[in-house]
Amino acid sequence: MQTKKIKWTRFLLETALLVVLFSLVQYGISTRMLSQYYQINLTSMCINIILAVSLNLINGFTGQLSLGHAGFMAVGAYTAVIMTTKMDYPLLAGLVGAFLAASAAGFVIGVPTLRLKGDYLAIATLALGEIIRVTLQNIDYVNGPAGISGIPKLTTWAWLYGAVVLTILVVVNLINSSYGRAIISVREDEIAAELMGINTTKYKVMAFVIGAGFAGLAGALYGHYFYIIKPETFNFMKSFDILVMVVLGGLGSTTGAVIAAIFITVLTAALQPFPEIRMILYALILIIVMIYRPQGLMGNKELSRQTLGRIWGARR
Amino acid sequence: MLSQKRRKIAILIMMVFMLGIIAGCGQKAPTTEQPAPAAGAINVGINVELSGGVASYGTNAKDGAILAIEQINAAGGVLGKQLNPIVRDCKSIADEAMSVSAALVGDKIVAQIGPLVSGNVAGSTPIVTENKIPLIAPAATAANVTVDEKTGVTRDYIFRVCFIDPFQGTLMAQFAADNLKVKTAVVYGDTSSDYAKGLAEYFKKTFTEKGGTILATEGFVKDDRDFRATLTRIKGLNPEFIYVPGYYQEVAPLIAQARDQGITVPMGGGDGWDSPDMVTVAKAAALNKTYFTNHYSSQDTDPKVVAFVQAYKAKYNKEPDAFAALGYDSVQLMVQGLKDAQVADSVKLAEALAKIKNFDGITGKMSIDANHNPVKAGVIIEFKDGKQVMNSRIQP
Amino acid sequence: MQELIQQLVNGLSLGAIYALIALGYTMVYGIIKLINFAHGDVMMVGGFVGFFSVTLLGTNIAVAMLLAMAICALLGIIIEKVAYRPLRNSSRIASLITAIGVSLLLEYLTIFLIGPNQKVFPETAFTVKAYNIGGLSILNKDVFVFVSAVILMLVLQYIIKYTKTGKAMRAVSLDNEAAILMGISVDKTISMTFAIGSALAAAAGVMVGVYYSTINPLMGIVPGLKAFVAAVLGGIGIIPGAMVGGFVMGLLETMVSGYGNSLYRDAVSFGVLILILLVKPTGLFGKDTGEKV
């Protein structure tokens with residue numbers, strides 16, 4: 001039994017660990033111990049984590065196969081960049097705007113398409129992601145295919161870390177709430193859930209909207225670090241990349257999504273010196289991992305103190 | 001169900017893992033085939049698109065650059081040292097271009113060649129500027145690549161060897177209005193490429209300024225091969241001239257199909273047309289009465305060009321296109337800069353590059369202007385019976 | 001009016017190519033419920049085999065097409081055996097990811113071996129003639145593509161309806177377990193399905209080469225996507241649906257380019273797809289079998 005005192009201690013300990021981790025990396029960045037190369041990859045890693053965790057909410061926990069996640073990322077990125085470069089808002093406003101805009105897009109796309117099942121939903125979301133990209137390519141206000149460049153580098157480690165922690169906290173807490181249980185029931189057996197009185201559409205849309213919102217947040221952070229965004233950046237290959245992370249980590253496991261996002265970022269960076277065969281190796285690794293561990297790294301389990309305890313031969 | 005607190009700990013553990021992985025990566029520097037320059041070698045970074053949508057352009061530019069490096073090394077190198085190319089793939093994505101540049105900086109390059117696409121050059125720009133490494137763009141044509149559009153200030157470390165969009169579009173418009181004396185035109189260009197869109201924009205502007213009328217603007221996208229539907233519609237409008245800014249992969253079938261449909265009016269385009277594939281795909285007959293702006297002609301009888309074409313064919317067993325030539329010239333420009341600077345130092349190299357005058361490249365004689373753009377003559381090439389023939393040369 | 005007919009002719013040849021690719025998608029989906037993203041790239045490989053057949057071996061176009069079909073049939077069987085069979089009892093999405101992996105592998109292996117640049121089909125492969133019928137320009141290319149596609153589709157229909165293999169294919173897609181009970185070798189049948197689907201895609205690849213004169217290693221991605229859309233449009237898993245869907249997609253694209261704004265062509269195609277999915281989600285020919293609780 002956990003007394004209040006132990007719970008409180010634990011909470012302080014966790015927060016302290018979070019702060020320590022943040023500070024360690026921040027120190028590395030400020031003193032230039034971590035070179036630009038590592039900073040760039042760290043940024044990509046954080047953005048990938050946000051994308052993977054948010055997609056996992058839709059694909060993994062709700063069981064809705066969405067293949068257009070890059071479209072939401074694009075909406076968020078463009079919204080934030082327009083707000084900061086053309087309207088002179090600060091970054092925070094841009095991030096909030098990005099989240100809201102992407103959520104709205106998620107709502108608009110989610111409500112009509114969530115009547116579709118399985119593979120039909122997949123193709124619809126894929127098509128919608130492409131429609132977003134093609135539309136952006138033809139809007140002159142955002143320079144069409146040239147995109148918007150010269151974006152000030154406003155994304156810092158602090159923003160990234162904060163966004164990652166926020167995303168994970170929100171998703172994890174959502175899943176552990178009554179909303180989360182409803183969402184998972186939709187994945188497990190939609191008809192049974194309906195029979196039990198759960199408004200499945202409401203929860204599907206909820207997952208979609210929240211997942212899309214965080215994708216938008218990731219897009220906004222991306223834009224303000226990598227200097228330029230163009231429609232091509234958010235094509236279906238990007239959506240696939242995110243999907244790969246989610247599946248590799250295990251559908252339905254937030255921990256898995258985080259680990260896989262880290263792994264894929266590191267892998268692509270590690271393969272950089274081998275440009276000719278990089279894609280071939282990447283493809284082979286994908287195929288082999290899928291054949292030998294199709295449920296992904298974590299399956300649908302999370303890393304918890306229980307599991308850790310078992311691994312370390314805990315006292316209990 | 002596992003409690004919230006347990007989940008939070010799980011996240012923490014993950015964060016620690018993340019840190020661990022970062023630290024782990026820190027043990028080994030970015031693995032490269034060629035580490036820090038051996039005494040007597042100058043590292044040159046080649047950051048181009050080797051995969052993704054524009055892989056063929058990036059590969060050709062890389063091939064041209066490598067050919068130049070090999071020739072220079074065979075002749076004794078530069079400043080007594082051999083050039084060491086470090087080739088990386090930026091996957092046609094801007095953030096990867098940034099990451100690759102950062103890795104190359106770690107490899108102590110003296111300059112970076114590429115990427116090709118203007119957007120990807122933009123991705124590299126912050127890194128090379130911060131680290132004071134000159135970047136020579138072989139084919140990025142957007143005006144804001146070398147000049148910050150908000151402040152109007154030239155970027156200190158970005159240079160290019162190709163035309164900028166305004167130049168080519170304007171040139172063709174002048175040619176159409178003044179030489180061909182056409183009054184109406186249709187623009188049918190690649191809308192998925194900022195290069196083509198830039199050309200189209202300036203063509204329209206100049207053409208209308210000269211009293212011409214643009215009857216319609218149509219578009220195709222990269223990888224399109226079927227243009228007949230839109231061509232039928234254009235035919236109905238009866239323009240006297242059709243401007244087709246884009247790349248040869250799409251333009252060649254487009255012209256062939258246009259002629260098939262009985263569209264006989266002259267057509268024009270930009271340097272993206274420059275490839276032997278134009279003739280093999282569209283066939284000589286279809287290409288009559290078509291013109292394009294270019295830096296040079298691959299059938300130029302200038303001995304330098306001929307030598308380049310022969311060497312390229314011998315090494316790679318294929319004909320060079322404009323990207324290959326520009327990749328070659330990028331390296332040659334850099335070498336000229338190194339010789340002028342007399343030291344393999346990136347800052348001095350940048351200063352030297354900015355001052356280069358009358359550099360004799362295979363894509364033309366060029367001088368670098370205040371905006372780090374090459375001032376070089378443009379040529380209008382005409383296809384006559386499948387051969388590229390120079391129609392006129394326009395000095396800027 | 002003449003322009004309309006011209007557009008129709010254009011749309012039909014484009015549609016024929018989409019139809020051939022769509023057939024492969026739909027057959028594979030019908031039998032193992034997998035969206036084979038690598039299918040477009042099999043089409044690309046077929047195109048290249050045809051190209052090398054014509055340039056290196058000096059064959060004529062018909063032989064080149066048959067050779068491409070044979071080799072890609074083999075390729076399809078190998079892919080199925082190595083990459084998809086181990087995952088048959090796992091989740092659908094794992095197979096999907098593997099399919100993406102195979103797609104990337106085919107593309108970049110080709111680039112590695114042959115280079116990323118496009119290859120041009122030589123004149124000798126297929127000399128183009130134009131027939132002028134009442135003001136319409138119909139090229140013999142159009143006729144070749146359309147007629148070959150129709151022939152192949154008829155052959156396919158025959159196989160499905162009247163041969164034992166075809167019956168087995170239908171049985172397995174209807175009810176896997178019952179088919180096993182009936183003594184049908186599910187593994188062989190699935191292999192056969194992949195073989196036939198891949199052969200059709202290869203034929204499409206050679207046609208693309210002939211029709212547009214060029215092929216390149218990344219040419220399978222976009223037509224693959226559009227053909228997949230076509231298959232879903234017609235009702236995925238339903239063979240006549242894929243044929244109709246292919247032609248519809250081809251005509252739609254041509255019409256939008258011809259009469260609408262060519263800039264938004266792709267968006268409109270996708271938009272119509274979504275509309276159909278919302279109105280009749282199982283596709284034009286699909287039957288809503290309802291879900292059993």
# chains A, B, ... in the order shown; residues from 1 in each chain; ligands from 1

call {"tool": "interface_residues", "arguments": {"of": "chain B", "to": "chain C", "cutoff": "6 Å", "atoms": "only C-alpha atoms", "output": "list in words"}}
result
Ser56, Gly219, Ala229 and Thr230 of chain B

call {"tool": "interface_residues", "arguments": {"of": "chain C", "to": "chain A", "cutoff": "8 Å", "atoms": "only C-alpha atoms", "output": "mmCIF file with N, CA and C atoms, in the first residue's frame"}}
result
data_model
loop_
_atom_site.group_PDB
_atom_site.id
_atom_site.type_symbol
_atom_site.label_atom_id
_atom_site.label_comp_id
_atom_site.auth_asym_id
_atom_site.auth_seq_id
_atom_site.Cartn_x
_atom_site.Cartn_y
_atom_site.Cartn_z
ATOM 1 N N ALA C 83 8.644 -12.464 -47.966
ATOM 2 C CA ALA C 83 8.252 -11.329 -47.117
ATOM 3 C C ALA C 83 6.850 -11.406 -46.550
ATOM 4 N N PRO C 86 5.539 -15.295 -44.052
ATOM 5 C CA PRO C 86 5.792 -15.403 -42.611
ATOM 6 C C PRO C 86 4.830 -14.552 -41.789
ATOM 7 N N LEU C 87 4.247 -13.528 -42.427
ATOM 8 C CA LEU C 87 3.408 -12.622 -41.668
ATOM 9 C C LEU C 87 1.933 -12.908 -41.835
ATOM 10 N N SER C 90 0.051 -12.735 -38.729
ATOM 11 C CA SER C 90 0.230 -11.574 -37.869
ATOM 12 C C SER C 90 -0.754 -10.493 -38.265
ATOM 13 N N SER C 91 -0.592 -9.337 -37.656
ATOM 14 C CA SER C 91 -1.557 -8.268 -37.917
ATOM 15 C C SER C 91 -1.397 -7.758 -39.349
ATOM 16 N N ILE C 93 -1.316 -4.791 -40.307
ATOM 17 C CA ILE C 93 -0.459 -3.622 -40.460
ATOM 18 C C ILE C 93 1.004 -4.025 -40.548
ATOM 19 N N ALA C 94 1.357 -5.142 -39.922
ATOM 20 C CA ALA C 94 2.748 -5.597 -40.053
ATOM 21 C C ALA C 94 3.036 -5.937 -41.506
ATOM 22 N N SER C 95 2.075 -6.591 -42.167
ATOM 23 C CA SER C 95 2.274 -6.897 -43.582
ATOM 24 C C SER C 95 2.368 -5.619 -44.399
ATOM 25 N N ILE C 97 3.555 -2.735 -43.475
ATOM 26 C CA ILE C 97 4.881 -2.152 -43.319
ATOM 27 C C ILE C 97 5.908 -2.934 -44.116
ATOM 28 N N THR C 98 5.785 -4.249 -44.084
ATOM 29 C CA THR C 98 6.713 -5.061 -44.863
ATOM 30 C C THR C 98 6.575 -4.745 -46.345
ATOM 31 N N GLY C 101 8.455 -1.802 -47.045
ATOM 32 C CA GLY C 101 9.874 -2.146 -47.080
ATOM 33 C C GLY C 101 10.268 -2.760 -48.415
ATOM 34 N N VAL C 102 9.451 -3.686 -48.906
ATOM 35 C CA VAL C 102 9.765 -4.318 -50.190
ATOM 36 C C VAL C 102 9.748 -3.277 -51.302
ATOM 37 N N LEU C 104 10.424 -0.056 -51.112
ATOM 38 C CA LEU C 104 11.662 0.730 -51.058
ATOM 39 C C LEU C 104 12.841 -0.084 -51.566
ATOM 40 N N LEU C 105 12.861 -1.364 -51.184
ATOM 41 C CA LEU C 105 13.971 -2.209 -51.599
ATOM 42 C C LEU C 105 14.046 -2.313 -53.111
ATOM 43 N N TYR C 108 15.259 1.143 -54.632
ATOM 44 C CA TYR C 108 16.636 1.565 -54.442
ATOM 45 C C TYR C 108 17.642 0.533 -54.892
ATOM 46 N N LEU C 109 17.239 -0.707 -54.945
ATOM 47 C CA LEU C 109 18.106 -1.726 -55.544
ATOM 48 C C LEU C 109 18.259 -1.429 -57.026
ATOM 49 N N PHE C 112 20.492 1.441 -57.425
ATOM 50 C CA PHE C 112 21.861 1.040 -57.144
ATOM 51 C C PHE C 112 22.468 0.320 -58.342
ATOM 52 N N VAL C 229 -6.054 3.416 -55.708
ATOM 53 C CA VAL C 229 -7.292 4.176 -55.587
ATOM 54 C C VAL C 229 -8.347 3.606 -56.524
ATOM 55 N N VAL C 232 -9.824 0.467 -55.103
ATOM 56 C CA VAL C 232 -10.770 0.729 -54.027
ATOM 57 C C VAL C 232 -12.064 1.295 -54.589
ATOM 58 N N LEU C 263 -3.909 22.218 -62.648
ATOM 59 C CA LEU C 263 -3.112 22.360 -61.439
ATOM 60 C C LEU C 263 -3.657 21.510 -60.304
ATOM 61 N N TYR C 264 -4.965 21.370 -60.288
ATOM 62 C CA TYR C 264 -5.568 20.656 -59.170
ATOM 63 C C TYR C 264 -5.943 19.232 -59.514
ATOM 64 N N ASP C 266 -4.590 16.240 -59.474
ATOM 65 C CA ASP C 266 -4.437 15.152 -58.502
ATOM 66 C C ASP C 266 -5.399 15.310 -57.341
ATOM 67 N N ALA C 267 -5.538 16.561 -56.880
ATOM 68 C CA ALA C 267 -6.413 16.781 -55.737
ATOM 69 C C ALA C 267 -7.844 16.384 -56.068
ATOM 70 N N PHE C 270 -8.272 12.589 -56.057
ATOM 71 C CA PHE C 270 -8.386 12.079 -54.694
ATOM 72 C C PHE C 270 -9.703 12.504 -54.048
ATOM 73 N N GLY C 271 -10.100 13.721 -54.371
ATOM 74 C CA GLY C 271 -11.339 14.219 -53.783
ATOM 75 C C GLY C 271 -12.540 13.382 -54.195
ATOM 76 N N LEU C 273 -12.457 10.350 -55.078
ATOM 77 C CA LEU C 273 -12.326 9.084 -54.370
ATOM 78 C C LEU C 273 -12.982 9.169 -53.002
ATOM 79 N N ILE C 274 -12.665 10.244 -52.295
ATOM 80 C CA ILE C 274 -13.200 10.365 -50.947
ATOM 81 C C ILE C 274 -14.705 10.472 -50.985
ATOM 82 N N LEU C 277 -16.096 7.120 -51.416
ATOM 83 C CA LEU C 277 -15.971 6.342 -50.194
ATOM 84 C C LEU C 277 -17.017 6.745 -49.166
ATOM 85 N N LEU C 278 -17.356 8.034 -49.164
ATOM 86 C CA LEU C 278 -18.337 8.463 -48.183
ATOM 87 C C LEU C 278 -19.737 8.032 -48.585
ATOM 88 N N PRO C 281 -19.071 3.300 -49.573
ATOM 89 C CA PRO C 281 -17.734 2.954 -49.110
ATOM 90 C C PRO C 281 -17.194 1.642 -49.645
ATOM 91 N N VAL C 293 -21.663 -10.052 -35.726
ATOM 92 C CA VAL C 293 -21.221 -9.812 -34.365
ATOM 93 C C VAL C 293 -20.710 -11.101 -33.755
#

call {"tool": "select_by_dssp", "arguments": {"residues": "region 122-362 of chain B", "states": "strand (DSSP E)", "output": "ChimeraX atom specification"}}
result
/B:135-137,158-160,184-190,213-220,241-243,267-269,290-294,359-361

call {"tool": "write_last_selection", "arguments": {"atoms": "C-alpha atoms", "output": "tab-separated table (two decimals), in the first residue's frame"}}
result
chain	number	residue	atom	x	y	z
B	135	LEU	CA	28.46	26.66	-50.19
B	136	ILE	CA	28.46	26.53	-53.98
B	137	ALA	CA	25.07	25.69	-55.39
B	158	ILE	CA	26.35	31.10	-50.41
B	159	PHE	CA	27.39	31.17	-54.04
B	160	ARG	CA	26.06	29.67	-57.22
B	184	THR	CA	0.08	35.81	-77.67
B	185	ALA	CA	1.42	33.01	-75.53
B	186	VAL	CA	0.33	30.25	-73.22
B	187	VAL	CA	2.43	29.22	-70.26
B	188	TYR	CA	2.31	25.47	-69.57
B	189	GLY	CA	4.85	24.72	-66.87
B	190	ASP	CA	5.81	22.51	-63.98
B	213	THR	CA	-0.89	38.73	-73.98
B	214	ILE	CA	-0.81	35.59	-71.89
B	215	LEU	CA	-3.86	33.61	-72.97
B	216	ALA	CA	-3.72	30.97	-70.23
B	217	THR	CA	-1.53	29.42	-67.59
B	218	GLU	CA	-1.61	25.65	-67.35
B	219	GLY	CA	0.38	23.32	-65.21
B	220	PHE	CA	1.73	19.82	-64.94
B	241	PHE	CA	3.93	30.64	-78.63
B	242	ILE	CA	3.96	28.16	-75.75
B	243	TYR	CA	6.38	28.60	-72.85
B	267	MET	CA	7.80	26.62	-77.99
B	268	GLY	CA	10.36	27.72	-75.44
B	269	GLY	CA	11.83	26.77	-72.09
B	290	THR	CA	11.74	25.01	-80.09
B	291	TYR	CA	14.12	27.19	-78.13
B	292	PHE	CA	15.53	27.25	-74.65
B	293	THR	CA	17.76	29.46	-72.57
B	294	ASN	CA	20.95	27.85	-71.37
B	359	PHE	CA	36.16	32.47	-64.56
B	360	ASP	CA	36.13	30.29	-67.64
B	361	GLY	CA	33.82	27.42	-66.86

call {"tool": "residues_around", "arguments": {"residues": "Pro276 (chain B)", "least_positions_apart": "6", "cutoff": "12 Å", "atoms": "only C-alpha atoms", "output": "ChimeraX atom specification"}}
result
/B:248-249,252,282-284,297-299,309,318-322,383,386-388 /C:118-120

call {"tool": "write_last_selection", "arguments": {"atoms": "N, CA and C atoms", "output": "mmCIF file, in the first residue's frame"}}
result
data_model
loop_
_atom_site.group_PDB
_atom_site.id
_atom_site.type_symbol
_atom_site.label_atom_id
_atom_site.label_comp_id
_atom_site.auth_asym_id
_atom_site.auth_seq_id
_atom_site.Cartn_x
_atom_site.Cartn_y
_atom_site.Cartn_z
ATOM 1 N N TYR B 248 13.479 18.199 -68.505
ATOM 2 C CA TYR B 248 13.372 17.459 -69.755
ATOM 3 C C TYR B 248 12.528 16.189 -69.641
ATOM 4 N N GLN B 249 12.504 15.586 -68.433
ATOM 5 C CA GLN B 249 11.738 14.342 -68.325
ATOM 6 C C GLN B 249 10.273 14.552 -68.688
ATOM 7 N N ALA B 252 10.037 16.682 -72.732
ATOM 8 C CA ALA B 252 10.201 15.925 -73.983
ATOM 9 C C ALA B 252 8.904 15.266 -74.424
ATOM 10 N N ALA B 282 11.673 12.960 -77.748
ATOM 11 C CA ALA B 282 10.742 13.743 -78.552
ATOM 12 C C ALA B 282 10.994 13.588 -80.050
ATOM 13 N N LYS B 283 12.173 13.209 -80.387
ATOM 14 C CA LYS B 283 12.556 13.044 -81.800
ATOM 15 C C LYS B 283 12.790 14.392 -82.483
ATOM 16 N N ALA B 284 13.741 14.367 -83.393
ATOM 17 C CA ALA B 284 14.218 15.586 -84.037
ATOM 18 C C ALA B 284 13.093 16.402 -84.658
ATOM 19 N N SER B 297 25.989 25.078 -74.604
ATOM 20 C CA SER B 297 25.396 24.017 -75.393
ATOM 21 C C SER B 297 26.291 22.799 -75.308
ATOM 22 N N SER B 298 25.708 21.649 -75.003
ATOM 23 C CA SER B 298 26.541 20.457 -74.881
ATOM 24 C C SER B 298 27.134 20.072 -76.222
ATOM 25 N N GLN B 299 26.628 20.688 -77.288
ATOM 26 C CA GLN B 299 27.244 20.435 -78.586
ATOM 27 C C GLN B 299 28.111 21.597 -79.032
ATOM 28 N N VAL B 309 32.630 16.608 -72.263
ATOM 29 C CA VAL B 309 31.645 15.617 -72.696
ATOM 30 C C VAL B 309 32.301 14.269 -72.925
ATOM 31 N N LYS B 318 27.477 7.526 -70.056
ATOM 32 C CA LYS B 318 26.222 8.196 -70.380
ATOM 33 C C LYS B 318 26.544 9.632 -70.754
ATOM 34 N N GLU B 319 25.594 10.274 -71.415
ATOM 35 C CA GLU B 319 25.823 11.659 -71.829
ATOM 36 C C GLU B 319 25.593 12.595 -70.648
ATOM 37 N N PRO B 320 26.374 13.657 -70.549
ATOM 38 C CA PRO B 320 26.132 14.580 -69.440
ATOM 39 C C PRO B 320 24.936 15.483 -69.738
ATOM 40 N N ASP B 321 24.220 15.835 -68.702
ATOM 41 C CA ASP B 321 23.168 16.843 -68.888
ATOM 42 C C ASP B 321 23.624 18.125 -68.201
ATOM 43 N N ALA B 322 22.753 19.105 -68.158
ATOM 44 C CA ALA B 322 23.140 20.413 -67.619
ATOM 45 C C ALA B 322 23.589 20.294 -66.172
ATOM 46 N N PHE B 383 16.643 23.986 -81.416
ATOM 47 C CA PHE B 383 16.784 22.623 -81.919
ATOM 48 C C PHE B 383 16.572 22.635 -83.424
ATOM 49 N N GLY B 386 17.285 17.939 -84.544
ATOM 50 C CA GLY B 386 17.835 17.146 -83.474
ATOM 51 C C GLY B 386 19.171 17.625 -82.961
ATOM 52 N N LYS B 387 19.658 18.733 -83.519
ATOM 53 C CA LYS B 387 20.919 19.239 -82.998
ATOM 54 C C LYS B 387 20.675 20.554 -82.273
ATOM 55 N N GLN B 388 21.443 20.761 -81.222
ATOM 56 C CA GLN B 388 21.331 22.039 -80.518
ATOM 57 C C GLN B 388 22.173 23.056 -81.257
ATOM 58 N N GLN C 118 16.509 8.268 -66.123
ATOM 59 C CA GLN C 118 15.503 7.576 -66.924
ATOM 60 C C GLN C 118 16.159 6.901 -68.116
ATOM 61 N N LYS C 119 15.486 5.884 -68.589
ATOM 62 C CA LYS C 119 15.969 5.193 -69.780
ATOM 63 C C LYS C 119 14.944 5.395 -70.877
ATOM 64 N N VAL C 120 15.408 5.546 -72.072
ATOM 65 C CA VAL C 120 14.506 5.819 -73.177
ATOM 66 C C VAL C 120 14.313 4.574 -74.036
#

call {"tool": "interface_residues", "arguments": {"of": "chain A", "to": "chain B", "cutoff": "7 Å", "atoms": "only C-alpha atoms", "output": "ChimeraX atom specification"}}
result
/A:14,18,21,36-37,40,137,145-146,149,173,176,226-228,233,272-273,275,303-305
